Amino acid sequence: MTTVPEDVSLEGLRDALGLLKDREQVAARLLESSAKHSFDPDKELDWDAPVEDGKWFWPPELVSLYDTPMWRRMSEEQRMDLARHEAASLASLGIWFEIILMQLLVRHIYDKSLTSHHVRYALTEIADECRHSMMFARMIQKGGAPTYPVTRFNHNLARVLKTVSTTPGSFACTLLGEEILDWMQRLVFPDERVQTLVRGVTRIHVVEEARHVRYAREELRRQMVTAPAWERALTRVSCGEAARVFSIAFVNPEVYTNVGLDRREAVAQVKASGHRREVMQTGAKRLTDFLDDIGVMRGVGRRLWRSSGLLA
């Protein structure tokens, strides 16, 4: 991962969103917020409470098959079972992304001042992500569904990303992994139809991820202003390719098999679903607007985003 020298001054530097903020001031505010609003999921959530009868593990409107012909043929019990498996699939995907993110953050701070607020906040975020990964794993176990790893190809593709990713590419991919799930989780935690435990998990994640998104956005803005042209171009392509992979991996198709559905038919109906396309594009819109504003959504990268189905 390439780095921006510590002595690069942001005074007077701006992008389409305005003047860039001082890196240390942003990190100091995030550290203050972390001190006030951080959670220990092992203590915060009641893991011993029984699973609640008649409650969903994921809102039906966010289930991939919602409002498709197959969905309309399914019993309510089968729909709820699919929601339970999709919640486990998304949690598995979240753990995969967070492990990648932790490694990218460690690489990012490797050459930076160990006493800076920026490095202290990165270490704080890594600690948050460790807790989130354990929390998601525990939620999967509580729900009784299996884990749903990504394909071996995508798993190994991530190894390449972690090895060759430049700084702006890393933060662009970070936002991709955080913001769409964050949008969904903001709909989950106030929804009283959903299991209390799942609502608690998503509430913790939303509160703490808001800081992570702020950190990544500010650093990506900085990098897109100060990085050389070749690195900005690489970021556009790598981010677009990551969007394509993310859209494919978002729900593991094995969930359909595990609830007794025809996998091939289910995948085809999800791809054809106007509702699902709207959900994914709405979830991505805040991110795609931001990336467009700062110059990431151009050329080949934009075409890759369109092919992912995440860009309206």
# chains A, B, ... in the order shown; residues from 1 in each chain; ligands from 1
call {"tool": "closest_atom_pairs", "arguments": {"of": "stretch 178-198 of chain A", "to": "stretch 51-59 of chain A", "cutoff": "6 Å", "atoms": "only C-alpha atoms", "output": "tab-separated table"}}
result
residue	atom	partner	partner_atom	distance
A:Arg193	CA	A:Lys55	CA	5.5
A:Val194	CA	A:Trp56	CA	4.6
A:Gln195	CA	A:Lys55	CA	5.4
call {"tool": "residues_around", "arguments": {"residues": "A:Ile99", "least_positions_apart": "2", "cutoff": "10 Å", "atoms": "only C-alpha atoms", "output": "list of chain:residue names"}}
result
A:Gly94, A:Ile95, A:Trp96, A:Phe97, A:Leu101, A:Met102, A:Gln103, A:Leu104, A:Ile126, A:Glu129, A:Cys130, A:Ser133
call {"tool": "select_by_dssp", "arguments": {"residues": "stretch 77-289 of chain A", "states": "alpha helix (DSSP H)", "output": "PyMOL selection string"}}
result
chain A and resi 77-109+117-143+152-164+167-188+196-226+229-249+254-258+263-272+274-289
call {"tool": "residues_around", "arguments": {"residues": "A:Leu220", "least_positions_apart": "3", "cutoff": "9 Å", "atoms": "only C-alpha atoms", "output": "compact mmCIF listing (two decimals) with N, CA and C atoms, in the first residue's frame"}}
result
# COMPACT_ATOMS: atom_id res chain seq x y z
N THR A 167 -3.42 2.89 -1.16
CA THR A 167 -4.20 3.50 -0.08
C THR A 167 -5.59 3.93 -0.51
N PRO A 168 -5.75 4.72 -1.60
CA PRO A 168 -7.11 5.11 -1.97
C PRO A 168 -7.97 3.92 -2.36
N GLY A 169 -7.39 2.92 -3.01
CA GLY A 169 -8.15 1.72 -3.36
C GLY A 169 -8.65 1.00 -2.13
N SER A 170 -7.83 0.95 -1.10
CA SER A 170 -8.21 0.28 0.15
C SER A 170 -9.40 0.97 0.81
N PHE A 171 -9.37 2.29 0.86
CA PHE A 171 -10.46 3.00 1.52
C PHE A 171 -11.72 3.00 0.67
N ALA A 172 -11.60 3.00 -0.66
CA ALA A 172 -12.78 2.88 -1.52
C ALA A 172 -13.46 1.53 -1.31
N TYR A 215 -14.09 8.14 8.94
CA TYR A 215 -12.63 8.01 8.84
C TYR A 215 -12.23 7.65 7.41
N ALA A 216 -12.92 6.66 6.83
CA ALA A 216 -12.58 6.20 5.48
C ALA A 216 -12.89 7.27 4.44
N ARG A 217 -14.01 7.95 4.58
CA ARG A 217 -14.37 9.00 3.62
C ARG A 217 -13.35 10.14 3.63
N GLN A 223 -6.66 11.18 -0.23
CA GLN A 223 -5.84 10.41 -1.15
C GLN A 223 -6.16 10.73 -2.61
N MET A 224 -7.44 10.97 -2.92
CA MET A 224 -7.80 11.27 -4.30
C MET A 224 -7.32 12.66 -4.74
N VAL A 225 -7.01 13.51 -3.79
CA VAL A 225 -6.42 14.82 -4.11
C VAL A 225 -4.91 14.72 -4.23
N ILE A 294 -16.05 12.76 -5.80
CA ILE A 294 -14.60 12.89 -5.59
C ILE A 294 -13.77 12.27 -6.72
call {"tool": "atom_distance", "arguments": {"atom1": "atom CA of A:Arg211", "atom2": "atom CA of A:Gln185"}}
result
15.1 Å
call {"tool": "residues_around", "arguments": {"residues": "A:Asp67", "least_positions_apart": "3", "cutoff": "10 Å", "atoms": "only C-alpha atoms", "output": "list in words"}}
result
Pro60, Glu61, Val63, Ser64, Met70, Trp71, Arg72, Gln269, Val270, Ser273, Gly274, His275 and Arg276 of chain A
call {"tool": "write_last_selection", "arguments": {"atoms": "N, CA, C and O atoms", "output": "PDB file, in the first residue's frame"}}
result
ATOM      1  N   PRO A  60     -38.441  -8.915   5.870  1.00  0.00           N
ATOM      2  CA  PRO A  60     -38.778  -9.602   4.612  1.00  0.00           C
ATOM      3  C   PRO A  60     -38.475  -8.766   3.373  1.00  0.00           C
ATOM      4  O   PRO A  60     -38.053  -9.316   2.345  1.00  0.00           O
ATOM      5  N   GLU A  61     -38.661  -7.439   3.444  1.00  0.00           N
ATOM      6  CA  GLU A  61     -38.425  -6.591   2.283  1.00  0.00           C
ATOM      7  C   GLU A  61     -36.967  -6.566   1.852  1.00  0.00           C
ATOM      8  O   GLU A  61     -36.654  -6.194   0.720  1.00  0.00           O
ATOM      9  N   VAL A  63     -35.030  -9.381   2.089  1.00  0.00           N
ATOM     10  CA  VAL A  63     -34.678 -10.740   1.661  1.00  0.00           C
ATOM     11  C   VAL A  63     -34.621 -10.751   0.136  1.00  0.00           C
ATOM     12  O   VAL A  63     -35.450 -10.143  -0.552  1.00  0.00           O
ATOM     13  N   SER A  64     -33.641 -11.436  -0.405  1.00  0.00           N
ATOM     14  CA  SER A  64     -33.352 -11.338  -1.843  1.00  0.00           C
ATOM     15  C   SER A  64     -34.527 -11.711  -2.740  1.00  0.00           C
ATOM     16  O   SER A  64     -34.721 -11.126  -3.800  1.00  0.00           O
ATOM     17  N   MET A  70     -41.410 -16.742  -7.011  1.00  0.00           N
ATOM     18  CA  MET A  70     -41.040 -17.809  -6.078  1.00  0.00           C
ATOM     19  C   MET A  70     -41.439 -17.436  -4.654  1.00  0.00           C
ATOM     20  O   MET A  70     -41.957 -18.277  -3.892  1.00  0.00           O
ATOM     21  N   TRP A  71     -41.210 -16.177  -4.275  1.00  0.00           N
ATOM     22  CA  TRP A  71     -41.575 -15.700  -2.939  1.00  0.00           C
ATOM     23  C   TRP A  71     -43.075 -15.871  -2.703  1.00  0.00           C
ATOM     24  O   TRP A  71     -43.511 -16.306  -1.626  1.00  0.00           O
ATOM     25  N   ARG A  72     -43.869 -15.550  -3.709  1.00  0.00           N
ATOM     26  CA  ARG A  72     -45.322 -15.620  -3.554  1.00  0.00           C
ATOM     27  C   ARG A  72     -45.810 -17.063  -3.420  1.00  0.00           C
ATOM     28  O   ARG A  72     -46.902 -17.307  -2.882  1.00  0.00           O
ATOM     29  N   GLN A 269     -34.458 -15.549 -10.541  1.00  0.00           N
ATOM     30  CA  GLN A 269     -35.521 -14.633 -10.146  1.00  0.00           C
ATOM     31  C   GLN A 269     -34.983 -13.433  -9.380  1.00  0.00           C
ATOM     32  O   GLN A 269     -35.505 -12.322  -9.518  1.00  0.00           O
ATOM     33  N   VAL A 270     -33.956 -13.634  -8.585  1.00  0.00           N
ATOM     34  CA  VAL A 270     -33.323 -12.502  -7.898  1.00  0.00           C
ATOM     35  C   VAL A 270     -32.727 -11.537  -8.919  1.00  0.00           C
ATOM     36  O   VAL A 270     -32.878 -10.312  -8.817  1.00  0.00           O
ATOM     37  N   SER A 273     -35.399  -9.453 -10.503  1.00  0.00           N
ATOM     38  CA  SER A 273     -36.291  -8.749  -9.583  1.00  0.00           C
ATOM     39  C   SER A 273     -36.061  -7.236  -9.594  1.00  0.00           C
ATOM     40  O   SER A 273     -34.988  -6.754  -9.216  1.00  0.00           O
ATOM     41  N   GLY A 274     -37.079  -6.492  -9.989  1.00  0.00           N
ATOM     42  CA  GLY A 274     -36.989  -5.038  -9.922  1.00  0.00           C
ATOM     43  C   GLY A 274     -36.900  -4.536  -8.500  1.00  0.00           C
ATOM     44  O   GLY A 274     -36.204  -3.563  -8.214  1.00  0.00           O
ATOM     45  N   HIS A 275     -37.601  -5.210  -7.578  1.00  0.00           N
ATOM     46  CA  HIS A 275     -37.530  -4.805  -6.169  1.00  0.00           C
ATOM     47  C   HIS A 275     -36.115  -4.967  -5.630  1.00  0.00           C
ATOM     48  O   HIS A 275     -35.592  -4.061  -4.957  1.00  0.00           O
ATOM     49  N   ARG A 276     -35.495  -6.111  -5.929  1.00  0.00           N
ATOM     50  CA  ARG A 276     -34.141  -6.344  -5.414  1.00  0.00           C
ATOM     51  C   ARG A 276     -33.156  -5.341  -5.991  1.00  0.00           C
ATOM     52  O   ARG A 276     -32.290  -4.819  -5.281  1.00  0.00           O
TER      53      ARG A 276
END
call {"tool": "residues_around", "arguments": {"residues": "A:Val207", "least_positions_apart": "6", "cutoff": "10 Å", "atoms": "only C-alpha atoms", "output": "ChimeraX atom specification"}}
result
/A:34,37-39,182,186
call {"tool": "atom_distance", "arguments": {"atom1": "atom CA of A:Asp22", "atom2": "atom CA of A:His212"}}
result
16.5 Å
